[in-house]
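Asks: Here you go, input25.cif (mmCIF, C-alpha atoms):
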data_run
#
loop_
_atom_site.label_atom_id
_atom_site.label_comp_id
_atom_site.auth_asym_id
_atom_site.auth_seq_id
_atom_site.Cartn_x
_atom_site.Cartn_y
_atom_site.Cartn_z
CA MET M 1 -41.10 -79.44 144.61
CA GLU M 2 -38.21 -77.90 142.67
CA ASN M 3 -39.27 -79.50 139.38
CA GLN M 4 -42.84 -78.31 139.84
CA LEU M 5 -41.67 -74.77 140.58
CA GLU M 6 -39.42 -74.75 137.54
CA ASN M 7 -42.26 -75.92 135.31
CA ILE M 8 -44.59 -73.19 136.60
CA ILE M 9 -41.99 -70.42 136.32
CA GLN M 10 -41.00 -71.38 132.79
CA GLN M 11 -44.61 -71.53 131.63
CA VAL M 12 -45.38 -68.09 133.05
CA TRP M 13 -42.17 -66.56 131.71
CA HIS M 14 -43.11 -67.51 128.15
CA LYS M 15 -46.74 -66.37 128.38
CA GLU M 16 -47.76 -63.32 126.35
CA LYS M 17 -50.75 -62.42 128.53
CA ARG M 18 -51.33 -62.53 132.28
CA ASN M 19 -47.61 -62.95 132.73
CA LEU M 20 -46.92 -61.13 135.99
CA PHE M 21 -45.00 -62.82 138.78
CA THR M 22 -46.88 -61.68 141.88
CA PHE M 23 -45.89 -62.27 145.50
CA LEU M 24 -48.36 -61.83 148.37
CA THR M 25 -46.63 -61.64 151.75
CA GLY M 26 -47.77 -61.49 155.37
CA ALA M 27 -46.44 -61.48 158.91
CA GLY M 28 -44.78 -64.87 158.56
CA ILE M 29 -42.11 -63.48 156.26
CA SER M 30 -40.98 -61.02 158.95
CA SER M 31 -40.92 -63.52 161.81
CA ASP M 32 -37.25 -64.35 161.13
CA SER M 33 -36.55 -60.64 161.66
CA GLY M 34 -37.92 -60.90 165.20
CA ILE M 35 -41.22 -59.13 164.56
CA PRO M 36 -44.10 -60.89 166.32
CA THR M 37 -47.37 -61.37 164.48
CA TYR M 38 -50.05 -58.80 165.25
CA ARG M 39 -52.62 -61.41 166.22
CA GLY M 40 -50.20 -63.52 168.29
CA ILE M 41 -49.74 -63.36 172.04
CA ASP M 42 -46.99 -60.77 171.59
CA GLY M 43 -49.52 -58.49 169.94
CA ILE M 44 -51.43 -57.98 173.19
CA TRP M 45 -51.32 -54.37 174.36
CA VAL M 46 -50.85 -53.83 178.08
CA LYS M 47 -51.82 -50.43 179.45
CA GLY M 48 -51.84 -50.05 183.21
CA THR M 49 -53.68 -53.10 184.49
CA GLN M 50 -55.63 -53.61 181.27
CA PHE M 51 -54.82 -56.22 178.65
CA HIS M 52 -56.17 -55.47 175.17
CA LYS M 53 -56.26 -57.82 172.20
CA PRO M 54 -55.53 -56.36 168.75
CA GLU M 55 -59.13 -56.87 167.63
CA GLU M 56 -60.13 -54.46 170.42
CA PHE M 57 -57.51 -51.71 170.35
CA GLY M 58 -56.64 -52.01 166.66
CA THR M 59 -59.86 -50.26 165.67
CA LEU M 60 -60.95 -46.76 164.73
CA ARG M 61 -63.54 -46.97 167.48
CA TYR M 62 -60.90 -47.58 170.16
CA PHE M 63 -58.69 -44.87 168.69
CA ARG M 64 -61.47 -42.31 169.02
CA GLN M 65 -61.89 -43.27 172.67
CA HIS M 66 -58.18 -43.62 173.55
CA PRO M 67 -56.11 -41.84 170.87
CA GLU M 68 -52.98 -41.36 172.97
CA GLU M 69 -52.81 -45.04 173.88
CA VAL M 70 -53.07 -46.14 170.26
CA LEU M 71 -50.49 -43.59 169.10
CA GLN M 72 -48.15 -44.65 171.90
CA TYR M 73 -48.49 -48.28 170.78
CA SER M 74 -47.86 -47.27 167.16
CA LEU M 75 -44.64 -45.52 168.18
CA PHE M 76 -43.63 -48.56 170.24
CA ARG M 77 -44.07 -50.71 167.12
CA LYS M 78 -42.13 -48.11 165.15
CA LYS M 79 -39.17 -48.74 167.45
CA MET M 80 -39.56 -52.50 167.04
CA PHE M 81 -39.55 -52.16 163.25
CA GLU M 82 -36.54 -49.84 163.26
CA ASN M 83 -34.54 -52.27 165.41
CA ALA M 84 -35.37 -55.20 163.11
CA SER M 85 -33.43 -55.99 159.95
CA PRO M 86 -34.67 -57.49 156.67
CA ASN M 87 -34.04 -61.23 156.51
CA GLU M 88 -33.13 -63.66 153.72
CA SER M 89 -36.71 -63.80 152.43
CA HIS M 90 -36.88 -60.02 152.01
CA PHE M 91 -33.56 -59.93 150.19
CA ALA M 92 -34.52 -62.89 147.98
CA LEU M 93 -37.63 -61.04 146.82
CA ALA M 94 -35.58 -57.91 146.11
CA ASP M 95 -33.20 -60.03 144.01
CA ILE M 96 -36.12 -61.63 142.17
CA GLU M 97 -37.47 -58.16 141.37
CA THR M 98 -34.09 -57.22 139.91
CA GLN M 99 -34.36 -60.22 137.58
CA LEU M 100 -37.99 -59.77 136.55
CA GLN M 101 -38.20 -55.95 136.52
CA ASP M 102 -41.72 -54.78 135.60
CA ARG M 103 -43.06 -58.34 135.47
CA PHE M 104 -42.63 -58.44 139.27
CA HIS M 105 -45.17 -57.13 141.77
CA LEU M 106 -45.19 -57.43 145.55
CA LEU M 107 -48.44 -57.17 147.50
CA THR M 108 -47.73 -57.09 151.22
CA GLN M 109 -49.92 -57.01 154.30
CA ASN M 110 -46.94 -55.97 156.42
CA ILE M 111 -46.60 -52.43 157.73
CA ASP M 112 -43.00 -52.88 158.94
CA ASN M 113 -41.16 -51.36 155.93
CA LEU M 114 -38.71 -54.28 155.73
CA HIS M 115 -39.46 -54.98 152.08
CA ARG M 116 -38.49 -51.41 151.15
CA ARG M 117 -35.39 -51.55 153.31
CA SER M 118 -34.28 -54.72 151.53
CA GLY M 119 -34.48 -52.98 148.16
CA SER M 120 -37.89 -53.92 146.79
CA GLN M 121 -39.61 -51.12 144.86
CA ARG M 122 -42.73 -52.46 143.13
CA ILE M 123 -44.63 -52.73 146.41
CA TYR M 124 -48.32 -52.37 147.16
CA GLU M 125 -48.85 -52.10 150.94
CA ILE M 126 -52.44 -53.32 151.18
CA HIS M 127 -52.65 -52.77 154.94
CA GLY M 128 -50.95 -49.38 154.83
CA ASN M 129 -47.70 -48.70 156.66
CA ASN M 130 -46.38 -47.43 159.96
CA ARG M 131 -44.12 -44.69 158.55
CA GLU M 132 -47.01 -42.44 157.49
CA ILE M 133 -49.89 -40.66 159.23
CA LYS M 134 -53.14 -39.06 158.14
CA CYS M 135 -55.88 -36.98 159.74
CA SER M 136 -58.39 -39.12 161.64
CA ASN M 137 -61.05 -36.69 160.44
CA GLY M 138 -60.09 -37.31 156.79
CA CYS M 139 -59.27 -33.72 155.87
CA LYS M 140 -55.62 -33.99 154.80
CA GLU M 141 -53.47 -36.02 152.47
CA ILE M 142 -51.28 -38.85 153.75
CA MET M 143 -47.94 -37.56 155.06
CA ASP M 144 -44.71 -38.94 156.50
CA LEU M 145 -44.49 -39.21 160.27
CA PRO M 146 -42.57 -36.08 161.40
CA VAL M 147 -38.90 -36.85 162.02
CA ASP M 148 -39.10 -35.05 165.38
CA ILE M 149 -41.42 -37.75 166.75
CA GLN M 150 -39.27 -40.39 168.39
CA SER M 151 -39.99 -44.08 168.80
CA LYS M 152 -41.24 -45.16 172.21
CA ASP M 153 -40.55 -47.83 174.78
CA LEU M 154 -43.58 -49.82 175.87
CA ASP M 155 -44.15 -47.68 178.99
CA GLU M 156 -43.18 -44.33 177.47
CA ASP M 157 -45.99 -41.79 177.04
CA LEU M 158 -46.37 -39.15 174.36
CA THR M 159 -44.59 -35.86 174.99
CA ALA M 160 -46.16 -32.44 174.59
CA LYS M 161 -44.21 -32.03 171.35
CA ASP M 162 -45.50 -35.38 170.10
CA LYS M 163 -49.07 -34.31 170.77
CA GLU M 164 -48.53 -31.04 168.94
CA LEU M 165 -47.07 -32.79 165.88
CA LEU M 166 -49.80 -35.42 165.93
CA THR M 167 -52.58 -32.82 165.78
CA CYS M 168 -53.95 -31.97 162.35
CA ALA M 169 -53.03 -28.38 161.49
CA HIS M 170 -56.21 -28.00 159.45
CA CYS M 171 -58.98 -29.22 161.75
CA GLY M 172 -57.39 -29.91 165.16
CA HIS M 173 -58.24 -33.63 165.22
CA TRP M 174 -55.66 -36.27 166.04
CA MET M 175 -53.48 -37.64 163.29
CA ARG M 176 -53.46 -41.44 163.08
CA PRO M 177 -51.27 -44.20 161.60
CA ASN M 178 -51.85 -44.84 157.91
CA ILE M 179 -52.83 -48.47 158.46
CA LEU M 180 -55.96 -50.56 158.09
CA TRP M 181 -57.73 -51.24 161.38
CA PHE M 182 -60.04 -54.15 162.08
CA ASP M 183 -63.25 -52.12 161.75
CA GLU M 184 -62.26 -50.39 158.50
CA TYR M 185 -62.74 -51.23 154.84
CA TYR M 186 -60.15 -51.59 152.10
CA ASP M 187 -59.91 -48.68 149.68
CA GLU M 188 -57.59 -47.59 146.88
CA LYS M 189 -55.98 -44.55 148.53
CA THR M 190 -54.53 -46.32 151.56
CA ASN M 191 -54.80 -49.99 150.62
CA LYS M 192 -54.42 -50.07 146.81
CA LYS M 193 -57.45 -52.35 146.66
CA PHE M 194 -58.27 -51.98 142.97
CA SER M 195 -54.62 -51.86 141.89
CA ALA M 196 -53.97 -55.11 143.78
CA LEU M 197 -56.95 -56.84 142.17
CA LYS M 198 -55.87 -55.65 138.72
CA ILE M 199 -52.41 -57.11 139.33
CA ALA M 200 -54.01 -60.39 140.44
CA LYS M 201 -56.07 -60.47 137.24
CA ASN M 202 -52.92 -60.15 135.13
CA SER M 203 -50.79 -62.57 137.11
CA GLY M 204 -49.43 -65.74 135.62
CA VAL M 205 -48.44 -66.98 139.05
CA LEU M 206 -49.28 -65.84 142.57
CA PHE M 207 -46.84 -66.86 145.30
CA ILE M 208 -48.46 -66.68 148.75
CA VAL M 209 -45.75 -66.36 151.40
CA GLY M 210 -46.16 -66.26 155.18
CA THR M 211 -49.84 -65.38 155.40
CA SER M 212 -52.93 -67.32 156.38
CA GLY M 213 -55.49 -65.22 154.51
CA ALA M 214 -57.36 -64.02 157.59
CA THR M 215 -58.62 -60.83 155.92
CA SER M 216 -60.79 -60.27 152.87
CA LEU M 217 -58.53 -58.55 150.30
CA PRO M 218 -55.77 -61.21 150.33
CA ILE M 219 -58.41 -63.89 149.73
CA ALA M 220 -59.96 -61.78 146.96
CA ILE M 221 -56.52 -61.44 145.36
CA ALA M 222 -56.11 -65.22 145.31
CA GLU M 223 -59.67 -65.76 144.04
CA THR M 224 -59.12 -63.26 141.23
CA ALA M 225 -55.80 -64.81 140.22
CA LEU M 226 -57.43 -68.24 140.11
CA LYS M 227 -60.41 -66.98 138.13
CA TYR M 228 -58.14 -65.63 135.41
CA GLY M 229 -55.98 -68.73 135.14
CA ALA M 230 -52.96 -68.04 137.33
CA PHE M 231 -50.93 -70.69 139.10
CA ILE M 232 -51.13 -70.38 142.89
CA VAL M 233 -48.14 -71.40 145.02
CA ASP M 234 -48.93 -71.51 148.75
CA ILE M 235 -45.69 -71.26 150.76
CA ASN M 236 -46.57 -71.55 154.44
CA MET M 237 -45.64 -73.79 157.33
CA GLU M 238 -49.27 -74.77 157.98
CA ASP M 239 -52.56 -75.10 156.12
CA ASN M 240 -54.59 -71.90 156.03
CA ASN M 241 -57.53 -70.15 154.37
CA PHE M 242 -55.73 -70.18 151.01
CA THR M 243 -55.32 -73.94 151.28
CA GLU M 244 -59.09 -74.35 151.39
CA LEU M 245 -59.38 -72.19 148.30
CA ILE M 246 -56.83 -74.01 146.15
CA LYS M 247 -56.97 -77.63 147.29
CA ASN M 248 -57.69 -80.03 144.45
CA LYS M 249 -56.96 -77.32 141.88
CA LYS M 250 -54.70 -78.40 139.00
CA ASN M 251 -52.93 -75.05 138.82
CA ALA M 252 -51.99 -74.97 142.53
CA LEU M 253 -48.88 -76.03 144.41
CA ILE M 254 -48.81 -76.29 148.20
CA ILE M 255 -45.38 -76.13 149.86
CA ARG M 256 -44.96 -76.64 153.60
CA GLU M 257 -41.40 -75.41 154.10
CA LYS M 258 -39.73 -72.24 155.40
CA SER M 259 -40.04 -69.29 153.05
CA THR M 260 -36.30 -68.60 153.21
CA GLU M 261 -35.53 -71.99 151.67
CA VAL M 262 -38.31 -71.94 149.08
CA LEU M 263 -37.65 -68.37 147.91
CA LYS M 264 -33.99 -69.27 147.49
CA VAL M 265 -35.04 -72.02 145.08
CA VAL M 266 -37.51 -69.70 143.31
CA LYS M 267 -34.75 -67.09 142.86
CA GLU M 268 -32.34 -69.66 141.41
CA ILE M 269 -34.93 -70.94 138.93
CA ILE M 270 -35.93 -67.43 137.84
CA THR M 271 -32.27 -66.40 137.40
CA LYS M 272 -31.68 -69.46 135.22
CA THR M 273 -34.90 -68.93 133.26
CA VAL M 274 -34.47 -65.24 132.39
CA SER M 275 -30.74 -65.30 131.70
#
Taking this structure as input, can you express it in the form of structure tokens?

Replies:
Amino acid sequence: MENQLENIIQQVWHKEKRNLFTFLTGAGISSDSGIPTYRGIDGIWVKGTQFHKPEEFGTLRYFRQHPEEVLQYSLFRKKMFENASPNESHFALADIETQLQDRFHLLTQNIDNLHRRSGSQRIYEIHGNNREIKCSNGCKEIMDLPVDIQSKDLDEDLTAKDKELLTCAHCGHWMRPNILWFDEYYDEKTNKKFSALKIAKNSGVLFIVGTSGATSLPIAIAETALKYGAFIVDINMEDNNFTELIKNKKNALIIREKSTEVLKVVKEIITKTVS
């Protein structure tokens, strides 16, 4: 595995075109930080006697019917994210960025902010993030969540002040998290769709880390990278939708090991290659 990685990295480093080192990350990279996956059993939302799966409550439709519940859950997740710390994988990617500079790009599906907290800067959050809000009626620019809104425990309701701050000052509709819900489409403003695909087109190698490719844009990113001749390195513990895409491809490498160990090797090879 190490020899194959070194060969790929050295080839891409010396390319004149399509020479970006791109990393696509998902929930698996944050699992060592104690953050459960959104679709896992820990992602189930319990309100009163009702149990809701993410595919049900993580939608614009459900938000319009039960806005306070969804905002309460968002603030509960905010607390979870704040209490978590970046792990070795996050820090390894930040170190790799330091080595590669503008040849590094990070496309993440995670909304937990751990990549930024670890020091990464060239980040495209293709599923949005939990630190920002926007008007659910679409009339206002994206803004930071007001500092006066506190994180919530699982059974803690919104306060009157929360409700006031989460009401759009322009139209009176609820503000909402700046994230992609299950019944929404990718766009450029929130999800950097076209920027991400442009990066994929110019990538010499795409490292896929801790994601199964369950949504359309991550798969499109991998398809675009493949189409334009990039190497694809699938770093996951199990086979996934990306595996189906790249199996039997000459410019693909499938690694079934923990991301912390593999990214450590990738960092060492890149440090040696660029120095």

Asks: For the structure provided, state which residues fall under the PyMOL selection byres ((chain M and resi 20) around 8), and present them as a PDB file with C-alpha atoms, in the coordinates of the input.

Replies:
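Contents of the output file part-v2.pdb:
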ATOM      1  CA  VAL M  12     -45.380 -68.090 133.050  1.00  0.00           C
ATOM      2  CA  ARG M  18     -51.330 -62.530 132.280  1.00  0.00           C
ATOM      3  CA  ASN M  19     -47.610 -62.950 132.730  1.00  0.00           C
ATOM      4  CA  PHE M  21     -45.000 -62.820 138.780  1.00  0.00           C
ATOM      5  CA  THR M  22     -46.880 -61.680 141.880  1.00  0.00           C
ATOM      6  CA  ARG M 103     -43.060 -58.340 135.470  1.00  0.00           C
ATOM      7  CA  PHE M 104     -42.630 -58.440 139.270  1.00  0.00           C
ATOM      8  CA  HIS M 105     -45.170 -57.130 141.770  1.00  0.00           C
ATOM      9  CA  ILE M 199     -52.410 -57.110 139.330  1.00  0.00           C
ATOM     10  CA  ASN M 202     -52.920 -60.150 135.130  1.00  0.00           C
ATOM     11  CA  SER M 203     -50.790 -62.570 137.110  1.00  0.00           C
ATOM     12  CA  GLY M 204     -49.430 -65.740 135.620  1.00  0.00           C
ATOM     13  CA  VAL M 205     -48.440 -66.980 139.050  1.00  0.00           C
TER      14      VAL M 205
END

Asks: Evaluate the PyMOL selection byres ((chain M and resi 225-241) around 8) on the structure here and hand back the selected residues as JSON, numbers by chain.

Replies: {"M": [8, 18, 200, 201, 202, 203, 204, 205, 206, 207, 208, 209, 210, 211, 212, 213, 214, 219, 221, 222, 223, 224, 242, 243, 244, 245, 246, 251, 252, 253, 254, 255, 256, 257, 258, 259, 262]}

Asks: Name all residues at most 8 Å from segment 120-136 of chain M (count only C-alpha atoms; drop same-chain ones fewer than 4 positions away) and give them as a PyMOL selection string.

Replies: chain M and resi 74+78+93-94+97+102+104-113+115-116+140-145+168+173-180+186+190-193+196

Asks: Figure out the distance between atom CA of Met80 of chain M and atom CA of Ala160 of chain M, please, to one decimal in Å.

Replies: 22.4 Å

Asks: Calculate how many Å separate atom CA of Thr25 of chain M from atom CA of Pro218 of chain M, rounding to one decimal.

Replies: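 One can read the atom CA of Thr25 of chain M to atom CA of Pro218 of chain M distance as 9.3 Å.
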
Asks: Identify which of the residues M:Glu188, M:Glu6, M:Glu156, M:Glu261 lies closest to Ser89 of chain M, counting all atoms listed in the file when measuring atom-to-atom distances.

Replies: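 The answer is M:Glu261, which sits nearest to Ser89 of chain M.
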
Asks: Is it possible to add N, CA and C atoms to segment 219-251 of chain M and hand it back as a tab-separated table (two decimals), in the coordinates of the input?

Replies:
chain	number	residue	atom	x	y	z
M	219	ILE	N	-57.62	-62.79	150.29
M	219	ILE	CA	-58.41	-63.89	149.73
M	219	ILE	C	-58.96	-63.50	148.36
M	220	ALA	N	-59.43	-62.26	148.24
M	220	ALA	CA	-59.96	-61.78	146.96
M	220	ALA	C	-58.87	-61.76	145.89
M	221	ILE	N	-57.66	-61.43	146.29
M	221	ILE	CA	-56.52	-61.44	145.36
M	221	ILE	C	-56.30	-62.85	144.83
M	222	ALA	N	-56.30	-63.83	145.72
M	222	ALA	CA	-56.11	-65.22	145.31
M	222	ALA	C	-57.27	-65.71	144.45
M	223	GLU	N	-58.50	-65.35	144.82
M	223	GLU	CA	-59.67	-65.76	144.04
M	223	GLU	C	-59.62	-65.17	142.63
M	224	THR	N	-59.20	-63.91	142.53
M	224	THR	CA	-59.12	-63.26	141.23
M	224	THR	C	-58.04	-63.90	140.37
M	225	ALA	N	-56.89	-64.16	140.97
M	225	ALA	CA	-55.80	-64.81	140.22
M	225	ALA	C	-56.25	-66.17	139.69
M	226	LEU	N	-56.92	-66.93	140.53
M	226	LEU	CA	-57.43	-68.24	140.11
M	226	LEU	C	-58.44	-68.11	138.98
M	227	LYS	N	-59.34	-67.17	139.12
M	227	LYS	CA	-60.41	-66.98	138.13
M	227	LYS	C	-59.84	-66.72	136.74
M	228	TYR	N	-58.72	-65.99	136.69
M	228	TYR	CA	-58.14	-65.63	135.41
M	228	TYR	C	-56.97	-66.53	135.00
M	229	GLY	N	-56.87	-67.70	135.65
M	229	GLY	CA	-55.98	-68.73	135.14
M	229	GLY	C	-54.57	-68.76	135.69
M	230	ALA	N	-54.31	-68.05	136.77
M	230	ALA	CA	-52.96	-68.04	137.33
M	230	ALA	C	-52.66	-69.33	138.09
M	231	PHE	N	-51.39	-69.67	138.16
M	231	PHE	CA	-50.93	-70.69	139.10
M	231	PHE	C	-50.91	-70.06	140.49
M	232	ILE	N	-51.22	-70.84	141.50
M	232	ILE	CA	-51.13	-70.38	142.89
M	232	ILE	C	-50.13	-71.27	143.62
M	233	VAL	N	-49.14	-70.66	144.24
M	233	VAL	CA	-48.14	-71.40	145.02
M	233	VAL	C	-48.25	-70.94	146.47
M	234	ASP	N	-48.71	-71.82	147.33
M	234	ASP	CA	-48.93	-71.51	148.75
M	234	ASP	C	-47.71	-71.95	149.55
M	235	ILE	N	-46.91	-70.97	150.00
M	235	ILE	CA	-45.69	-71.26	150.76
M	235	ILE	C	-45.92	-70.86	152.21
M	236	ASN	N	-46.31	-71.79	153.02
M	236	ASN	CA	-46.57	-71.55	154.44
M	236	ASN	C	-46.20	-72.81	155.22
M	237	MET	N	-45.99	-72.64	156.50
M	237	MET	CA	-45.64	-73.79	157.33
M	237	MET	C	-46.86	-74.64	157.68
M	238	GLU	N	-48.06	-74.05	157.61
M	238	GLU	CA	-49.27	-74.77	157.98
M	238	GLU	C	-50.38	-74.48	156.96
M	239	ASP	N	-51.38	-75.35	156.94
M	239	ASP	CA	-52.56	-75.10	156.12
M	239	ASP	C	-53.26	-73.84	156.61
M	240	ASN	N	-54.01	-73.21	155.72
M	240	ASN	CA	-54.59	-71.90	156.03
M	240	ASN	C	-55.82	-71.68	155.16
M	241	ASN	N	-56.34	-70.45	155.16
M	241	ASN	CA	-57.53	-70.15	154.37
M	241	ASN	C	-57.28	-70.28	152.86
M	242	PHE	N	-56.06	-70.01	152.43
M	242	PHE	CA	-55.73	-70.18	151.01
M	242	PHE	C	-55.75	-71.66	150.62
M	243	THR	N	-55.34	-72.51	151.55
M	243	THR	CA	-55.32	-73.94	151.28
M	243	THR	C	-56.71	-74.44	150.92
M	244	GLU	N	-57.70	-73.97	151.68
M	244	GLU	CA	-59.09	-74.35	151.39
M	244	GLU	C	-59.50	-73.91	150.00
M	245	LEU	N	-59.01	-72.75	149.60
M	245	LEU	CA	-59.38	-72.19	148.30
M	245	LEU	C	-58.77	-72.98	147.13
M	246	ILE	N	-57.54	-73.44	147.30
M	246	ILE	CA	-56.83	-74.01	146.15
M	246	ILE	C	-56.70	-75.52	146.17
M	247	LYS	N	-57.13	-76.18	147.24
M	247	LYS	CA	-56.97	-77.63	147.29
M	247	LYS	C	-57.75	-78.28	146.15
M	248	ASN	N	-57.14	-79.28	145.58
M	248	ASN	CA	-57.69	-80.03	144.45
M	248	ASN	C	-57.71	-79.24	143.14
M	249	LYS	N	-57.06	-78.09	143.12
M	249	LYS	CA	-56.96	-77.32	141.88
M	249	LYS	C	-55.70	-77.77	141.12
M	250	LYS	N	-55.83	-77.95	139.80
M	250	LYS	CA	-54.70	-78.40	139.00
M	250	LYS	C	-53.58	-77.38	138.92
M	251	ASN	N	-53.94	-76.11	138.96
M	251	ASN	CA	-52.93	-75.05	138.82
M	251	ASN	C	-52.48	-74.50	140.18
